[in-house]
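Since the structure comes first, as structure tokens, the remarks are kept for the end.
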Amino acid sequence: MNTAGFGGADAPGTSLRRLADALGTEMMWAGARDRPIGEVVIAEPGDVLTDLPGALVLAVGARGADAITVVRSAAEAGAAAVAVRAAPGGEGALTQPLKDAAGTAGIALMGIAASVRWDRAEADIRGVLERGAADGTSGHRGDLFSLAQTVATLTRGVVSIEDAAHRVLAYSDSGDEADELRRRSILGRTCPEPYLAHLRQWGVYRRARTGEEVVDVEELPEMGARRRRVIGINAAGRPLGTVWVQEGTRGLAGRTEEVMRGAARLAASQLVDHWFQGDPGARLPSRAGLAHGLLTGGFNSGALAVHLGIAPNASATVVAFDLREPESGDAASQDARRAEAAEIISVHAASYRRSAMVAQACGQVYAMLPERAAAPSSEGLLTRWAEDLVSALRHHFRTPVQAVVAGTAPRLDDIPAVKLRGHHGLQVLARTPERQVATHTALTASLMVRDVLGLLDRHSEIRHPGLDELARHDDAHGTEMCRSLLLYLDAFGDVGRVAKDLNVHPNTLRYRVRKAVALAGLDLDDPEHRIAAMLQLRLSREEPGTSPFPGG
């Protein structure tokens, strides 16, 4: 067995999708689809496989029962995938027993076409792994494959992304939904010429290369083609490629055109980067990296404006999102879900505003939407957009996603300050998880109280001694006078409502309040006494030494 592979267990890894694309083949998924590849290993029948985490095993010379044995042995050794020889006929040459063995073992199976020599396959795979390690893009979720999968999730379709020469650059998982045309396109790495001729005759590419029209392409049963929609990927008037969405058995989602428009805008910058592959010196900084630098103040906003084609003095609205993941969850899983959420938000944001940027920070996701001076977005319009997006995220992740429309930064340099407002707004909004979206304006009062309580928390010398004595009395006697008094003040003295909340008789509540006021030496007719009591009682509800609100 040849184990002299590039990378190793600790290598960052390159996605199986990217490797399959480099080889011009389609993978037969059988679990472990998201595991990155860190090395390539050649195994022949009879080889003993051990300790191969993250490896792609090339089953050279193994067919039939021997191939099944290699698949099982590779899975036991921790490998991520096995590549086997596919006889003429492509996908159909991967037998059902082999697929079943891979599915049971929980390992991905890849078919290598008979026309591809094993030594060439190994060299191509190593080249992809080496380029990934050199440019730091291995396993990066912002690639075209990740975008294709996100579009598939949002549209319920089968997605592929092609360059201007009709070569397939990326595609989504398809399961049994893919039609014959898609399978032939992926296995051949290009759209079959007879179908291209029909597209040219129908004027599909002419329409896709002008503007942002989503073109409806009717089915063509004689070529094994279901109904499709396509949009052009264009930049500065130059056609870069196309995004295709094939209709599956469930039909396409209602907002498919909006999603495709956003995806085409995102793909444009990635295809520009694709032209410079193999030349790190010419490669432009990633859009995600630029967005994060702008969000945190670590990037020159003037240079970014030039790169994005927007005015250096443009304003930008910031919308903050939080998935509200359980704190007990696995950190790696949470990071992956947040990255997936960022991609979904990116597609929607790009559709809403061409120059939109999305970045992660502080465990949250932020959309930055440069404003058009001629037609700035109203707060109401932005709120409705955020509400629609949060609803989609809640449906997809089954977790209480929340968002805050943080406001508009007058200049790009002011975005970090507005981002901080969104961060604090999400902390306050977390107290009411049933709320989906709020504006910073609507949260202003809560944020003011939060800041004042934070100030009091840091200055323990600023206390009303009578209220401290009241808290000690509750601790010593197991009473609830502090809580009762705070609820009474919060309810503007509505005894009936507070008594119902506390499940006590109204007279009992009146007695508690009178006794609490007497012990603390308060005069509730004095507005300053009332304000001081409300602030200190709110602060004392929290554990000693902690901030009064989560994350503060």
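Simple scheme: letters A, B, ... for chains in structure tokens order, numbers from 1 for residues in each chain, numbers from 1 for ligands in the order shown.
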Which neighbours of A:Arg463 fall inside 10 Å, counting only C-alpha atoms, when residues of the same chain fewer than 6 positions from it are skipped, and could you give them as a VMD selection string?
-> chain A and resid 456 to 457 532 to 533 535 to 536
Taking the backbone alone, and naming residues the way the document does, which bits of stretch 215-431 of chain A are alpha helix (DSSP H) by DSSP, as a count of residues only?
-> 94
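Residues in contact with A:Gly232 at up to 7 Å, not including ones fewer than 3 positions away on its chain and judged by only C-alpha atoms, are A:Ala208, A:Arg209, A:Glu212, A:Gly241, A:Thr242, A:Val243, A:Ala264.
The strand (DSSP E or B) portion of stretch 391-442 of chain A consists of Gln402, Ala403, Val404, Val405, Ala406, Gly407, Thr408, Ala409, Val437, Ala438 and Thr439 of chain A, with states taken from DSSP on the backbone.
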Dump of all heavy atoms for the selected residues, as a PDB file, in the first residue's frame:
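The resulting again-v1.pdb:
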ATOM      1  N   GLN A 402     -33.007  34.964  15.363  1.00  0.00           N
ATOM      2  CA  GLN A 402     -33.470  36.335  15.588  1.00  0.00           C
ATOM      3  C   GLN A 402     -32.589  37.306  14.800  1.00  0.00           C
ATOM      4  O   GLN A 402     -31.450  36.984  14.443  1.00  0.00           O
ATOM      5  CB  GLN A 402     -33.429  36.685  17.077  1.00  0.00           C
ATOM      6  CG  GLN A 402     -34.432  35.904  17.920  1.00  0.00           C
ATOM      7  CD  GLN A 402     -34.394  36.322  19.376  1.00  0.00           C
ATOM      8  OE1 GLN A 402     -33.374  36.227  20.043  1.00  0.00           O
ATOM      9  NE2 GLN A 402     -35.531  36.798  19.877  1.00  0.00           N
ATOM     10  N   ALA A 403     -33.130  38.491  14.527  1.00  0.00           N
ATOM     11  CA  ALA A 403     -32.375  39.502  13.788  1.00  0.00           C
ATOM     12  C   ALA A 403     -32.685  40.886  14.331  1.00  0.00           C
ATOM     13  O   ALA A 403     -33.781  41.145  14.835  1.00  0.00           O
ATOM     14  CB  ALA A 403     -32.709  39.443  12.300  1.00  0.00           C
ATOM     15  N   VAL A 404     -31.707  41.766  14.217  1.00  0.00           N
ATOM     16  CA  VAL A 404     -31.856  43.164  14.602  1.00  0.00           C
ATOM     17  C   VAL A 404     -31.403  44.040  13.437  1.00  0.00           C
ATOM     18  O   VAL A 404     -30.284  43.878  12.933  1.00  0.00           O
ATOM     19  CB  VAL A 404     -31.029  43.504  15.856  1.00  0.00           C
ATOM     20  CG1 VAL A 404     -31.004  45.015  16.089  1.00  0.00           C
ATOM     21  CG2 VAL A 404     -31.598  42.797  17.081  1.00  0.00           C
ATOM     22  N   VAL A 405     -32.284  44.920  12.990  1.00  0.00           N
ATOM     23  CA  VAL A 405     -31.907  45.929  12.002  1.00  0.00           C
ATOM     24  C   VAL A 405     -31.187  47.023  12.778  1.00  0.00           C
ATOM     25  O   VAL A 405     -31.799  47.856  13.447  1.00  0.00           O
ATOM     26  CB  VAL A 405     -33.150  46.486  11.270  1.00  0.00           C
ATOM     27  CG1 VAL A 405     -32.733  47.547  10.250  1.00  0.00           C
ATOM     28  CG2 VAL A 405     -33.904  45.358  10.585  1.00  0.00           C
ATOM     29  N   ALA A 406     -29.846  46.988  12.710  1.00  0.00           N
ATOM     30  CA  ALA A 406     -29.033  47.818  13.594  1.00  0.00           C
ATOM     31  C   ALA A 406     -29.017  49.289  13.205  1.00  0.00           C
ATOM     32  O   ALA A 406     -28.677  50.146  14.030  1.00  0.00           O
ATOM     33  CB  ALA A 406     -27.608  47.277  13.637  1.00  0.00           C
ATOM     34  N   GLY A 407     -29.345  49.594  11.968  1.00  0.00           N
ATOM     35  CA  GLY A 407     -29.332  50.980  11.530  1.00  0.00           C
ATOM     36  C   GLY A 407     -28.365  51.189  10.385  1.00  0.00           C
ATOM     37  O   GLY A 407     -27.765  50.240   9.866  1.00  0.00           O
ATOM     38  N   THR A 408     -28.190  52.431   9.981  1.00  0.00           N
ATOM     39  CA  THR A 408     -27.377  52.765   8.820  1.00  0.00           C
ATOM     40  C   THR A 408     -26.115  53.504   9.239  1.00  0.00           C
ATOM     41  O   THR A 408     -26.176  54.492   9.979  1.00  0.00           O
ATOM     42  CB  THR A 408     -28.180  53.634   7.832  1.00  0.00           C
ATOM     43  OG1 THR A 408     -29.337  52.912   7.418  1.00  0.00           O
ATOM     44  CG2 THR A 408     -27.343  53.989   6.612  1.00  0.00           C
ATOM     45  N   ALA A 409     -24.991  53.007   8.758  1.00  0.00           N
ATOM     46  CA  ALA A 409     -23.711  53.691   8.960  1.00  0.00           C
ATOM     47  C   ALA A 409     -23.592  54.784   7.900  1.00  0.00           C
ATOM     48  O   ALA A 409     -23.677  54.496   6.705  1.00  0.00           O
ATOM     49  CB  ALA A 409     -22.558  52.701   8.830  1.00  0.00           C
ATOM     50  N   VAL A 437     -37.752  39.615  14.845  1.00  0.00           N
ATOM     51  CA  VAL A 437     -36.974  40.755  14.347  1.00  0.00           C
ATOM     52  C   VAL A 437     -37.339  41.995  15.145  1.00  0.00           C
ATOM     53  O   VAL A 437     -38.500  42.193  15.520  1.00  0.00           O
ATOM     54  CB  VAL A 437     -37.251  41.002  12.844  1.00  0.00           C
ATOM     55  CG1 VAL A 437     -36.482  42.218  12.340  1.00  0.00           C
ATOM     56  CG2 VAL A 437     -36.888  39.768  12.026  1.00  0.00           C
ATOM     57  N   ALA A 438     -36.343  42.821  15.405  1.00  0.00           N
ATOM     58  CA  ALA A 438     -36.575  44.124  16.027  1.00  0.00           C
ATOM     59  C   ALA A 438     -35.600  45.119  15.414  1.00  0.00           C
ATOM     60  O   ALA A 438     -34.548  44.744  14.887  1.00  0.00           O
ATOM     61  CB  ALA A 438     -36.378  44.061  17.536  1.00  0.00           C
ATOM     62  N   THR A 439     -35.950  46.386  15.468  1.00  0.00           N
ATOM     63  CA  THR A 439     -35.029  47.430  15.027  1.00  0.00           C
ATOM     64  C   THR A 439     -34.292  47.984  16.238  1.00  0.00           C
ATOM     65  O   THR A 439     -34.781  47.898  17.374  1.00  0.00           O
ATOM     66  CB  THR A 439     -35.783  48.571  14.332  1.00  0.00           C
ATOM     67  OG1 THR A 439     -36.648  49.210  15.291  1.00  0.00           O
ATOM     68  CG2 THR A 439     -36.617  48.043  13.169  1.00  0.00           C
TER      69      THR A 439
END
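One finds atom CA of A:Arg207 at 21.9 Å from atom CA of A:Gly254.
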A:Gly224 environment, 10 Å, only C-alpha atoms, sequence neighbours closer than 6 positions dropped, as a list of chain:residue names =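 Non-adjacent residues within range: A:Ala178, A:Asp179, A:Glu180, A:Leu181, A:Arg182, A:Arg183, A:Arg184, A:Tyr195.
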Would you mind telling me which residue in A:Val358, A:Val365, A:Ala491, A:Leu98 lies nearest to A:Arg63 when using only C-alpha atoms?
-> A:Leu98
Write out as an MDAnalysis selection string each polymer residue whose atoms come within 6 Å of A:Arg228, counting only C-alpha atoms; drop sequence neighbours fewer than 5 positions from it.
-> chainID A and resid 217 245:247
If you keep all heavy atoms, can you produce a file of those selected residues as a short mmCIF file (atom, residue, chain, number, x, y, z; two decimals), in the first residue's frame?
data_model
loop_
_atom_site.label_atom_id
_atom_site.label_comp_id
_atom_site.auth_asym_id
_atom_site.auth_seq_id
_atom_site.Cartn_x
_atom_site.Cartn_y
_atom_site.Cartn_z
N VAL A 217 -36.61 27.27 -19.21
CA VAL A 217 -36.27 26.36 -20.30
C VAL A 217 -37.19 25.15 -20.20
O VAL A 217 -37.15 24.41 -19.22
CB VAL A 217 -34.79 25.92 -20.23
CG1 VAL A 217 -34.46 25.02 -21.41
CG2 VAL A 217 -33.88 27.15 -20.21
N VAL A 245 -30.94 25.60 -12.54
CA VAL A 245 -31.74 24.91 -11.52
C VAL A 245 -32.73 24.00 -12.24
O VAL A 245 -33.65 24.48 -12.90
CB VAL A 245 -32.49 25.89 -10.60
CG1 VAL A 245 -33.32 25.12 -9.57
CG2 VAL A 245 -31.51 26.82 -9.89
N GLN A 246 -32.51 22.69 -12.10
CA GLN A 246 -33.41 21.70 -12.71
C GLN A 246 -34.55 21.40 -11.75
O GLN A 246 -34.34 21.25 -10.55
CB GLN A 246 -32.65 20.41 -13.01
CG GLN A 246 -33.53 19.28 -13.50
CD GLN A 246 -33.09 17.93 -12.97
OE1 GLN A 246 -31.95 17.52 -13.17
NE2 GLN A 246 -34.00 17.23 -12.29
N GLU A 247 -35.74 21.34 -12.28
CA GLU A 247 -36.91 21.05 -11.45
C GLU A 247 -36.93 19.58 -11.05
O GLU A 247 -36.70 18.70 -11.87
CB GLU A 247 -38.18 21.39 -12.23
CG GLU A 247 -39.44 21.38 -11.41
CD GLU A 247 -40.64 21.87 -12.20
OE1 GLU A 247 -41.27 21.04 -12.88
OE2 GLU A 247 -40.93 23.08 -12.14
#
Quick one: distance from atom CA of A:Val428 to atom CA of A:Val495 in Å, one decimal?
->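 The value is 27.3 Å.
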